[in-house]
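First up is the structure itself, then whatever we jot down about it.
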Amino acid sequence: MNSVIQYVLYLAILIVLAVPLGSYMKKVMNGEHTLLSGILSPCERAVYRVMRIDPEEQMNWKQYALSVLLFSGIGLVFLFLLQLLQGALPGNPQHLPGVTWDLAFNTAASFVTNTNWQAYSGESTLSYLTQALGLTVQNFVSAATGIAVLFALIRGFIQVKSAGLGSFWVDLTRIVLRILLPLNLVIALLLVSGGVIQNFKGGETVPLLEPIAVTAEGEVIEDAVIDTENGEVTVDGEPVDAQIVTEQFVPMGPAASQVANQADRHQRRRLHGGQLRPSPGKPQRIHKPD
């Protein structure tokens, strides 16, 4: 029932925001004045100067498509190499090794295409630098690329006799700077105010308030009587084969800013999940939540 309420609330929010947000996006893509123009217009012009972008350029469909493919290709190679080399780069307080080439390619291709398929556990696979400079950047620019292509398609339909489809680089800059960044900032601040972590500390191991017993499959045994001194676990007076767990590994990191632009399974695990660790001297069997 709780899930139904969340879905209904989410759908209602989308419907309520559709018209004002759609109107704002139209003004941004058409270069019209908006509420944030006074703050963001100087930043936008600075990006154009630094990147030598002509805001008045009009690309045909071939130039636009080539720009999209070139930009995405560079992002793919950069993210692939960043994962391979993360073990030798800063921003890695847990000293995680480089990712294997096949997983690195799968992740890079996934994020560059904005599908965000993740075949790994983020807190034990990717460094903070890789997550921030690699995945988070792609969460912005890959989404912006998709939005830009959509607007180029719309322009192609409504401006049949026009000289061009606009500039991909201008569209990309406007979407990231005027749409995605402000939305992400607002959501991230709301998450931080609600207690979501936002730091660059390494993961911490903390003691549990009470020890628990888990089976070999990692299931918590309810109503277990635990003798931590002798390492014994009994249920209804009968001894059982179980692992006594007294500590939990709690992931840290810049969770709020990443959840704000990517609310997927990995980030939910960063907020709610952890790893239960057995007491010292016992066989190292670790329970990981779903």
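In the structure tokens, chains take letters A, B, ... by order of appearance, with residues numbered from 1 within each chain and ligands from 1 in the order shown.
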Apply DSSP to the structure's backbone, then extract all residues of segment 44-246 of chain A labelled strand (DSSP E) and return them as a PyMOL selection string. chain A and resi 204-214+225-227+232-235+238-239+243-246
Name the residues of segment 124-261 of chain A that fall into helix (DSSP H, G or I) according to DSSP on the backbone, using the chain letters and numbers of this document, as a PyMOL selection string. chain A and resi 124-125+128-158+168-193+255-261
Quick one: contact table of segment 69-178 of chain A to segment 254-260 of chain A, 10 Å max, nearest atom pair and distance in Å to one decimal per residue, counting only C-alpha atoms, chain and number order, as a tab-separated table?
```
residue	atom	partner	partner_atom	distance
A:Tyr128	CA	A:Pro254	CA	7.7
A:Gln131	CA	A:Gln258	CA	8.5
A:Ala132	CA	A:Gln258	CA	7.9
A:Leu135	CA	A:Gln258	CA	8.9
A:Thr136	CA	A:Gln258	CA	6.4
A:Val137	CA	A:Gln258	CA	9.8
A:Asn139	CA	A:Gln258	CA	8.7
```
Quick one: of A:Gly231, A:Gly156, A:Pro211, A:Gly146, who's nearest to Thr246 of chain A, counting only C-alpha atoms? A:Pro211
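Take the candidates A:Ala144, A:Val206, A:Leu85, A:Met29 and check each one against Gly166 of chain A using only C-alpha atoms; the shortest distance goes to A:Met29.
Considering only C-alpha atoms, the residue among A:Ile147, A:Pro239, A:Tyr24, A:Asp54 positioned nearest to Leu36 of chain A is A:Tyr24.
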Pick out the residues sitting within 12 Å of Ser37 of chain A, and hand them over as a list of chain:residue names; count only C-alpha atoms, and ignore anything fewer than 2 positions along from it in its own chain. A:Tyr24, A:Lys27, A:Val28, A:Gly31, A:Glu32, A:His33, A:Thr34, A:Leu35, A:Ile39, A:Leu40, A:Ser41, A:Pro42, A:Cys43, A:Glu44, A:Arg45, A:Arg174, A:Leu177, A:Arg178, A:Ile179, A:Pro182
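Using only C-alpha atoms, the nearest neighbour of Leu165 of chain A within the list A:Ser23, A:Gly73, A:Leu89, A:Ala152 is A:Ala152.
A straight line drawn from atom CA of Thr215 of chain A to atom CA of Gln243 of chain A is 6.3 Å long.
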Which of these residues is nearest to Ser167 of chain A, using only C-alpha atoms: A:Leu79, A:Leu208, A:Ile53, A:Val47? A:Ile53
Please compute the atom CA of Leu181 of chain A-atom CA of Ala148 of chain A distance, one decimal, in Å. 15.4 Å
Could you work out how far atom CA of Val245 of chain A lies from atom CA of Ile212 of chain A, giving the answer in Å with one decimal? 5.3 Å
Neighbouring residues of Ala242 of chain A were defined as those with any atom within 7 Å, considering only C-alpha atoms; residues of the same chain fewer than 2 positions away were excluded. Please report them as a PyMOL selection string. chain A and resi 213-216+233+240+244
